[in-house]
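To start, the structure itself, in C-alpha cells.
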Amino acid sequence: MKRRGAGVVLAVAVAVLPVMGGAALAAPAVLPGADEPGATLLPPLPVRLGEDSACTGASDRTATGAAWSQTALGLSRTQRISRGAGVTVAVVDSGVASEVPSLEGRVTHVGDADEDCVGHGTFAAGLIAAAPRKGSGITGIAPEAEILALRGTDDRGVPSADRVADGIRTAADRGAQVIYVGQVLPIGSRITAAVAHATRRDALVIAPAAPDAVPREELGPDGEMPEGPYWPAASPGALAVVDFGPGGVRQKSAPPAYRPALSAPGSEMVSVAPEGSGHYIGSGASLAAAAVAGAAALVRAYHPELTAPEVTRRLLDTAYASDIPRLDPYASLSLLQDRATSHAGTDSPADMPPAPNPAPRTRSLTIAATALAAVLLLAALAAVIPRGRTRNWRPPTTG
C-alpha cells in the first residue's frame, strides 16, 4: 500500500536519520518567497524509509512558479541553446517511477528500477530532465534528455557498493553519456573500477561529495559526522559535487563534503513526486549532483564532439569563480574555451601561409632608392650652380 501523509514520512525520517542534510527533511518546507501571496507549502522529500513505513506517494501540492534554482542557473536563456536532446542520462538511485507525467515517454528502466518507493531517484530524474507542464513552473535542466533508470539502493533507499557498481557498469554498457549516482558509500574499490570502466566507455560519472544525511550508526562517539572520503565521487574520473542554497552557502546542518570539485544549487530544490503531478522539496549534495548531471547533458547535446573528460573540464573552466567553483550552464554552452586546456600536446601546429616571394619587394625598394637619389642630386645642382655663376667660378685650366 503506497498511501501516506506528509507527517508519516516526517516521523520516519527523523527516527531513521537523526542528523539530516537539509531542513526540508526536518519539517514541512516552504519555497523561497513564502511571505509572498500564493507561496506554496511543499512536503519534504525523504532520504530513506523505515522498515515498516509506507512508500512515498503523490503530493497534493504543485509549485506554480519557478524554483530559485532555475533562476540561479539561468535556465530561461540556457535552454534556448540546448535542451539535452539525444543525450541519455543514467540515474543510479532508488529507481524512477514509471508514470511521472513530466518524464513520460523518455524513461527506460533496467530490472525493477521502474518502482521507486522512496521517491529520491524520481525526484533527481525530474531535476535533470522534467519537461514543463501546464499549471507548473518547474522544469528540469535538460527537458529533452532521455533517462535510463537503474537501482543503486534497496526499496528503503539504502545503497550498496555492489548495486552502485553494477548500475554504473550497466549504464555505461547501454550507452549512457552521463551517469548520475545519487548515493554515497564509505568504501569504493569496486565502485572505482566501475567508474574507470564508464570512463573508457566515454561516460561522465557525476556524484555527490557528501551524504544528504548521516544515519545514527555512522556518527562518531561524540555524535560528530564523518568527513569522507565518499564513493563514487572520490573515484578518479568522477565529478564530485557539493550543494549550496538560495543564500549562496550550505545549510549549517549539512554533512561535511569531501574534496568537491564543483558546487551547484542543492538546497530547497523542487521536483516531481513518484506519483501524480505534484511536487516535493528537498536538500542535499545529491540534488546538486543531479543539477550538474542535467548541465552535462546540455553540453553533450550541444558539443557532441567533446569527450567525457573534456565535458568535465568545460564545466569547471566556465564555472563562477568561488572557493568551490559554481556551475554556470549558460557559460558552459556559450563561452569559447581555450582548446589548449583540454588538448595540450595533441593539436598539430597551425597552418601558416607560405612566405611571400621577396623579389617584387626588393625590386620596388631599388626603384624607390634610385628615384630618391636623383631627386636629391637635382636639388643639390639647383642650389650650387647659381652661386657659382654669381662668383664667376671657372673651371681650372692646365698649362
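Simple scheme: letters A, B, ... for chains in C-alpha cells order, numbers from 1 for residues in each chain, numbers from 1 for ligands in the order shown.
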
How would you write, as a VMD selection string, the set of residues in segment 21-198 of chain A that DSSP gives as helix (DSSP H, G or I)?
chain A and resid 23 to 25 68 to 72 75 to 78 101 to 103 120 to 129 161 to 173 189 to 198

Nearby residues (only C-alpha atoms) at most 9 Å from Val158 of chain A, same-chain spacing under 2 positions excluded, as a ChimeraX atom specification:
/A:48-49,94,152-156,160,183

Write the residues you've just listed into a file as an mmCIF file, in the first residue's frame, and include all heavy atoms for each of them.
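The result, stored in part_37.cif:
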data_model
loop_
_atom_site.group_PDB
_atom_site.id
_atom_site.type_symbol
_atom_site.label_atom_id
_atom_site.label_comp_id
_atom_site.auth_asym_id
_atom_site.auth_seq_id
_atom_site.Cartn_x
_atom_site.Cartn_y
_atom_site.Cartn_z
ATOM 1 N N ARG A 48 15.597 8.210 3.252
ATOM 2 C CA ARG A 48 15.392 6.772 3.407
ATOM 3 C C ARG A 48 14.092 6.538 4.157
ATOM 4 O O ARG A 48 13.570 7.435 4.819
ATOM 5 C CB ARG A 48 16.551 6.117 4.150
ATOM 6 C CG ARG A 48 17.874 6.191 3.416
ATOM 7 C CD ARG A 48 18.973 5.492 4.198
ATOM 8 N NE ARG A 48 20.282 5.724 3.587
ATOM 9 C CZ ARG A 48 21.432 5.306 4.113
ATOM 10 N NH1 ARG A 48 21.430 4.626 5.259
ATOM 11 N NH2 ARG A 48 22.572 5.559 3.510
ATOM 12 N N LEU A 49 13.583 5.304 4.088
ATOM 13 C CA LEU A 49 12.355 4.942 4.769
ATOM 14 C C LEU A 49 12.635 3.885 5.819
ATOM 15 O O LEU A 49 13.542 3.059 5.662
ATOM 16 C CB LEU A 49 11.323 4.411 3.766
ATOM 17 C CG LEU A 49 10.881 5.376 2.666
ATOM 18 C CD1 LEU A 49 9.939 4.656 1.710
ATOM 19 C CD2 LEU A 49 10.219 6.610 3.233
ATOM 20 N N SER A 94 17.322 5.161 -6.304
ATOM 21 C CA SER A 94 16.270 4.325 -5.733
ATOM 22 C C SER A 94 15.234 3.891 -6.759
ATOM 23 O O SER A 94 14.215 3.297 -6.408
ATOM 24 C CB SER A 94 15.569 5.080 -4.590
ATOM 25 O OG SER A 94 15.025 6.306 -5.054
ATOM 26 N N GLY A 152 20.387 1.566 -7.418
ATOM 27 C CA GLY A 152 21.615 1.621 -6.633
ATOM 28 C C GLY A 152 21.339 1.385 -5.171
ATOM 29 O O GLY A 152 22.257 1.363 -4.354
ATOM 30 N N THR A 153 20.042 1.228 -4.817
ATOM 31 C CA THR A 153 19.627 1.030 -3.426
ATOM 32 C C THR A 153 18.592 -0.088 -3.359
ATOM 33 O O THR A 153 18.066 -0.551 -4.378
ATOM 34 C CB THR A 153 19.008 2.308 -2.840
ATOM 35 O OG1 THR A 153 17.672 2.451 -3.358
ATOM 36 C CG2 THR A 153 19.806 3.539 -3.185
ATOM 37 N N ASP A 154 18.247 -0.474 -2.111
ATOM 38 C CA ASP A 154 17.098 -1.357 -1.937
ATOM 39 C C ASP A 154 15.834 -0.500 -1.914
ATOM 40 O O ASP A 154 15.903 0.723 -2.140
ATOM 41 C CB ASP A 154 17.251 -2.214 -0.674
ATOM 42 C CG ASP A 154 17.329 -1.375 0.605
ATOM 43 O OD1 ASP A 154 16.976 -0.171 0.568
ATOM 44 O OD2 ASP A 154 17.741 -1.921 1.635
ATOM 45 N N ASP A 155 14.680 -1.110 -1.613
ATOM 46 C CA ASP A 155 13.439 -0.333 -1.686
ATOM 47 C C ASP A 155 13.259 0.619 -0.513
ATOM 48 O O ASP A 155 12.314 1.402 -0.484
ATOM 49 C CB ASP A 155 12.233 -1.261 -1.810
ATOM 50 C CG ASP A 155 12.051 -2.148 -0.584
ATOM 51 O OD1 ASP A 155 12.922 -2.131 0.313
ATOM 52 O OD2 ASP A 155 11.023 -2.859 -0.523
ATOM 53 N N ARG A 156 14.185 0.609 0.452
ATOM 54 C CA ARG A 156 14.157 1.559 1.565
ATOM 55 C C ARG A 156 15.093 2.736 1.321
ATOM 56 O O ARG A 156 15.162 3.650 2.131
ATOM 57 C CB ARG A 156 14.560 0.884 2.875
ATOM 58 C CG ARG A 156 13.732 -0.335 3.247
ATOM 59 C CD ARG A 156 12.336 0.042 3.708
ATOM 60 N NE ARG A 156 11.371 0.061 2.614
ATOM 61 C CZ ARG A 156 10.110 0.466 2.720
ATOM 62 N NH1 ARG A 156 9.667 0.910 3.876
ATOM 63 N NH2 ARG A 156 9.303 0.436 1.684
ATOM 64 N N SER A 160 24.155 0.010 -1.724
ATOM 65 C CA SER A 160 25.221 -0.969 -1.517
ATOM 66 C C SER A 160 26.253 -0.778 -2.610
ATOM 67 O O SER A 160 25.927 -0.337 -3.727
ATOM 68 C CB SER A 160 24.675 -2.400 -1.555
ATOM 69 O OG SER A 160 24.329 -2.785 -2.867
ATOM 70 N N GLN A 183 23.775 8.404 -4.459
ATOM 71 C CA GLN A 183 24.116 7.920 -3.125
ATOM 72 C C GLN A 183 25.626 7.993 -2.917
ATOM 73 O O GLN A 183 26.392 8.080 -3.879
ATOM 74 C CB GLN A 183 23.638 6.483 -2.946
ATOM 75 C CG GLN A 183 22.170 6.274 -3.279
ATOM 76 C CD GLN A 183 21.238 6.960 -2.310
ATOM 77 O OE1 GLN A 183 21.560 7.097 -1.128
ATOM 78 N NE2 GLN A 183 20.082 7.402 -2.787
#

Residue among A:Pro260, A:Gly140, A:Pro215, A:Pro255 lying closest to Ala234 of chain A, counting only C-alpha atoms:
A:Pro260

Residue contacts of Thr78 of chain A (10 Å, only C-alpha atoms) excluding same-chain residues fewer than 3 positions away, as an MDAnalysis selection string
chainID A and resid 73:75 81:83 141:142 295 298 328:334

File of the preceding selection, N, CA and C atoms, as a tab-separated table (two decimals), in the first residue's frame:
chain	number	residue	atom	x	y	z
A	73	LEU	N	20.41	29.26	-12.16
A	73	LEU	CA	21.14	28.59	-13.25
A	73	LEU	C	20.86	29.22	-14.62
A	74	GLY	N	20.01	30.23	-14.66
A	74	GLY	CA	19.74	30.91	-15.93
A	74	GLY	C	19.10	30.00	-16.97
A	75	LEU	N	18.17	29.14	-16.56
A	75	LEU	CA	17.62	28.15	-17.49
A	75	LEU	C	16.82	28.77	-18.63
A	81	ILE	N	19.66	27.48	-26.08
A	81	ILE	CA	20.82	26.94	-26.79
A	81	ILE	C	20.77	25.43	-26.85
A	82	SER	N	20.44	24.79	-25.74
A	82	SER	CA	20.41	23.33	-25.69
A	82	SER	C	19.36	22.89	-24.69
A	83	ARG	N	18.70	21.77	-25.02
A	83	ARG	CA	17.71	21.17	-24.12
A	83	ARG	C	18.03	19.70	-23.84
A	141	ILE	N	16.62	20.62	-15.94
A	141	ILE	CA	17.67	21.38	-16.63
A	141	ILE	C	17.78	20.98	-18.08
A	142	ALA	N	17.63	19.71	-18.38
A	142	ALA	CA	17.72	19.20	-19.75
A	142	ALA	C	16.40	18.49	-20.10
A	295	ALA	N	23.19	19.70	-16.49
A	295	ALA	CA	24.05	20.61	-17.25
A	295	ALA	C	25.00	19.85	-18.16
A	298	LEU	N	23.23	18.98	-21.28
A	298	LEU	CA	23.13	20.12	-22.20
A	298	LEU	C	24.42	20.26	-23.02
A	328	ASP	N	27.75	27.03	-14.00
A	328	ASP	CA	27.16	28.06	-14.85
A	328	ASP	C	26.82	27.42	-16.20
A	329	PRO	N	25.65	26.83	-16.35
A	329	PRO	CA	25.31	26.11	-17.59
A	329	PRO	C	25.37	26.99	-18.83
A	330	TYR	N	24.92	28.24	-18.71
A	330	TYR	CA	24.91	29.11	-19.88
A	330	TYR	C	26.33	29.35	-20.38
A	331	ALA	N	27.24	29.62	-19.46
A	331	ALA	CA	28.63	29.84	-19.86
A	331	ALA	C	29.24	28.58	-20.45
A	332	SER	N	28.89	27.43	-19.92
A	332	SER	CA	29.47	26.19	-20.44
A	332	SER	C	29.04	25.92	-21.87
A	333	LEU	N	27.92	26.50	-22.28
A	333	LEU	CA	27.45	26.34	-23.66
A	333	LEU	C	27.93	27.46	-24.57
A	334	SER	N	27.99	28.67	-24.05
A	334	SER	CA	28.17	29.84	-24.92
A	334	SER	C	29.58	30.38	-24.99

For Gly111 of chain A, work out the shell of residues within 12 Å, counting only C-alpha atoms and skipping chain neighbours fewer than 6 positions away, then give it as a PDB file with N, CA and C atoms, in the first residue's frame.
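And here is the file that came out, out-v8.pdb:
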ATOM      1  N   GLY A  95      15.499   4.157  -8.042  1.00  0.00           N
ATOM      2  CA  GLY A  95      14.551   3.872  -9.112  1.00  0.00           C
ATOM      3  C   GLY A  95      13.933   5.152  -9.629  1.00  0.00           C
ATOM      4  N   VAL A  96      13.200   5.049 -10.725  1.00  0.00           N
ATOM      5  CA  VAL A  96      12.452   6.187 -11.276  1.00  0.00           C
ATOM      6  C   VAL A  96      11.055   5.674 -11.589  1.00  0.00           C
ATOM      7  N   LEU A 148      17.796   6.809 -18.206  1.00  0.00           N
ATOM      8  CA  LEU A 148      17.976   5.368 -18.041  1.00  0.00           C
ATOM      9  C   LEU A 148      18.023   5.099 -16.545  1.00  0.00           C
ATOM     10  N   ALA A 149      17.006   4.421 -16.021  1.00  0.00           N
ATOM     11  CA  ALA A 149      16.882   4.219 -14.580  1.00  0.00           C
ATOM     12  C   ALA A 149      17.467   2.874 -14.171  1.00  0.00           C
ATOM     13  N   LEU A 150      18.325   2.905 -13.136  1.00  0.00           N
ATOM     14  CA  LEU A 150      18.931   1.692 -12.598  1.00  0.00           C
ATOM     15  C   LEU A 150      18.917   1.765 -11.074  1.00  0.00           C
ATOM     16  N   ARG A 151      18.844   0.605 -10.430  1.00  0.00           N
ATOM     17  CA  ARG A 151      18.818   0.566  -8.975  1.00  0.00           C
ATOM     18  C   ARG A 151      20.220   0.654  -8.396  1.00  0.00           C
ATOM     19  N   GLY A 152      20.387   1.566  -7.418  1.00  0.00           N
ATOM     20  CA  GLY A 152      21.615   1.621  -6.633  1.00  0.00           C
ATOM     21  C   GLY A 152      21.339   1.385  -5.171  1.00  0.00           C
ATOM     22  N   ARG A 163      25.423  -2.832  -5.783  1.00  0.00           N
ATOM     23  CA  ARG A 163      24.351  -2.266  -6.605  1.00  0.00           C
ATOM     24  C   ARG A 163      24.835  -1.036  -7.382  1.00  0.00           C
ATOM     25  N   ASP A 166      27.398  -2.091 -10.121  1.00  0.00           N
ATOM     26  CA  ASP A 166      26.707  -2.746 -11.234  1.00  0.00           C
ATOM     27  C   ASP A 166      25.889  -1.737 -12.040  1.00  0.00           C
ATOM     28  N   GLY A 167      25.273  -0.789 -11.341  1.00  0.00           N
ATOM     29  CA  GLY A 167      24.489   0.226 -12.040  1.00  0.00           C
ATOM     30  C   GLY A 167      25.349   1.087 -12.947  1.00  0.00           C
ATOM     31  N   THR A 170      26.487  -1.111 -16.002  1.00  0.00           N
ATOM     32  CA  THR A 170      25.385  -1.372 -16.919  1.00  0.00           C
ATOM     33  C   THR A 170      24.999  -0.116 -17.685  1.00  0.00           C
TER      34      THR A 170
END

As a count of residues only, please: all residues of segment 55-152 of chain A that backbone DSSP puts in strand (DSSP E or B).
15

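If you measure from each of A:Thr199, A:Val87, A:Val92, A:Arg61 to Asp114 of chain A using only C-alpha atoms, the closest one turns out to be A:Val92.
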
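Excluding Ala194 of chain A itself and same-chain residues fewer than 3 positions from it, the residues having an atom within 7 Å of it are A:Ala165, A:Ile168, A:Arg169, A:Arg190, A:Ile191, A:His197, A:Ala198, counting only C-alpha atoms.
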
Export of prior selection with N, CA and C atoms as a CSV table (one decimal), in the first residue's frame:
chain,number,residue,atom,x,y,z
A,165,ALA,N,28.0,-0.1,-8.2
A,165,ALA,CA,29.0,-0.5,-9.2
A,165,ALA,C,28.3,-1.2,-10.4
A,168,ILE,N,26.5,1.5,-12.5
A,168,ILE,CA,27.4,2.3,-13.3
A,168,ILE,C,27.9,1.5,-14.5
A,169,ARG,N,28.3,0.3,-14.3
A,169,ARG,CA,28.8,-0.5,-15.4
A,169,ARG,C,27.7,-0.8,-16.5
A,190,ARG,N,35.4,-1.5,-5.7
A,190,ARG,CA,34.6,-2.0,-6.8
A,190,ARG,C,34.0,-0.8,-7.6
A,191,ILE,N,33.5,0.2,-6.8
A,191,ILE,CA,32.9,1.3,-7.5
A,191,ILE,C,34.0,2.1,-8.3
A,197,HIS,N,35.7,1.9,-15.8
A,197,HIS,CA,35.0,1.2,-17.0
A,197,HIS,C,34.1,2.3,-17.7
A,198,ALA,N,33.4,3.0,-17.0
A,198,ALA,CA,32.5,4.1,-17.6
A,198,ALA,C,33.3,5.1,-18.3

Non-local contacts of Ala145 of chain A (9 Å; only C-alpha atoms; under 3 positions in same chain excluded) as JSON, numbers by chain:
{"A": [83, 84, 85, 86, 87, 88, 89, 106, 128, 129, 130, 142, 294, 297, 298, 301]}

Output C-alpha atoms of each residue in that selection to a file, as a PDB file, in the first residue's frame.
ATOM      1  CA  ARG A  83      17.706  21.174 -24.116  1.00  0.00           C
ATOM      2  CA  GLY A  84      19.655  17.943 -23.942  1.00  0.00           C
ATOM      3  CA  ALA A  85      18.021  16.233 -26.907  1.00  0.00           C
ATOM      4  CA  GLY A  86      19.708  12.990 -27.950  1.00  0.00           C
ATOM      5  CA  VAL A  87      21.608  12.515 -24.675  1.00  0.00           C
ATOM      6  CA  THR A  88      20.907   9.659 -22.246  1.00  0.00           C
ATOM      7  CA  VAL A  89      21.420  10.328 -18.541  1.00  0.00           C
ATOM      8  CA  ARG A 106      11.617   9.360 -22.017  1.00  0.00           C
ATOM      9  CA  ILE A 128      17.651  16.504 -14.563  1.00  0.00           C
ATOM     10  CA  ALA A 129      15.014  16.174 -17.262  1.00  0.00           C
ATOM     11  CA  ALA A 130      11.422  17.028 -16.267  1.00  0.00           C
ATOM     12  CA  ALA A 142      17.717  19.198 -19.752  1.00  0.00           C
ATOM     13  CA  GLY A 294      21.496  17.976 -16.272  1.00  0.00           C
ATOM     14  CA  ALA A 297      23.557  16.631 -20.730  1.00  0.00           C
ATOM     15  CA  LEU A 298      23.132  20.118 -22.195  1.00  0.00           C
ATOM     16  CA  ALA A 301      23.994  17.616 -26.718  1.00  0.00           C
TER      17      ALA A 301
END

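Taking atom CA of Pro226 of chain A and atom CA of Ala210 of chain A as the two end points, the separation is 9.5 Å.
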
Could you check which of A:Leu315, A:Ala125, A:Leu204, A:Val184 is closest to Trp231 of chain A, using only C-alpha atoms?
A:Val184

Need to verify the contact set: Pro246 of chain A, 10 Å, only C-alpha atoms, exclusion of same-chain residues closer than 3 positions in sequence. Can you return it as JSON, numbers by chain?
{"A": [32, 68, 69, 72, 249, 250, 251, 265, 266, 267, 268, 269]}

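Ranking A:Ala161, A:Ala308, A:Val270, A:Ala67 by their shortest atom-to-atom distance to Val178 of chain A, with only C-alpha atoms included, puts A:Ala308 first.
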
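For the pair atom CA of Cys117 of chain A and atom CA of Ser136 of chain A, the interatomic distance is 23.6 Å.
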
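The closest residue to Thr139 of chain A, picked from A:Val272, A:Gly247, A:Gly50, A:Pro43 and counting only C-alpha atoms, is A:Val272.
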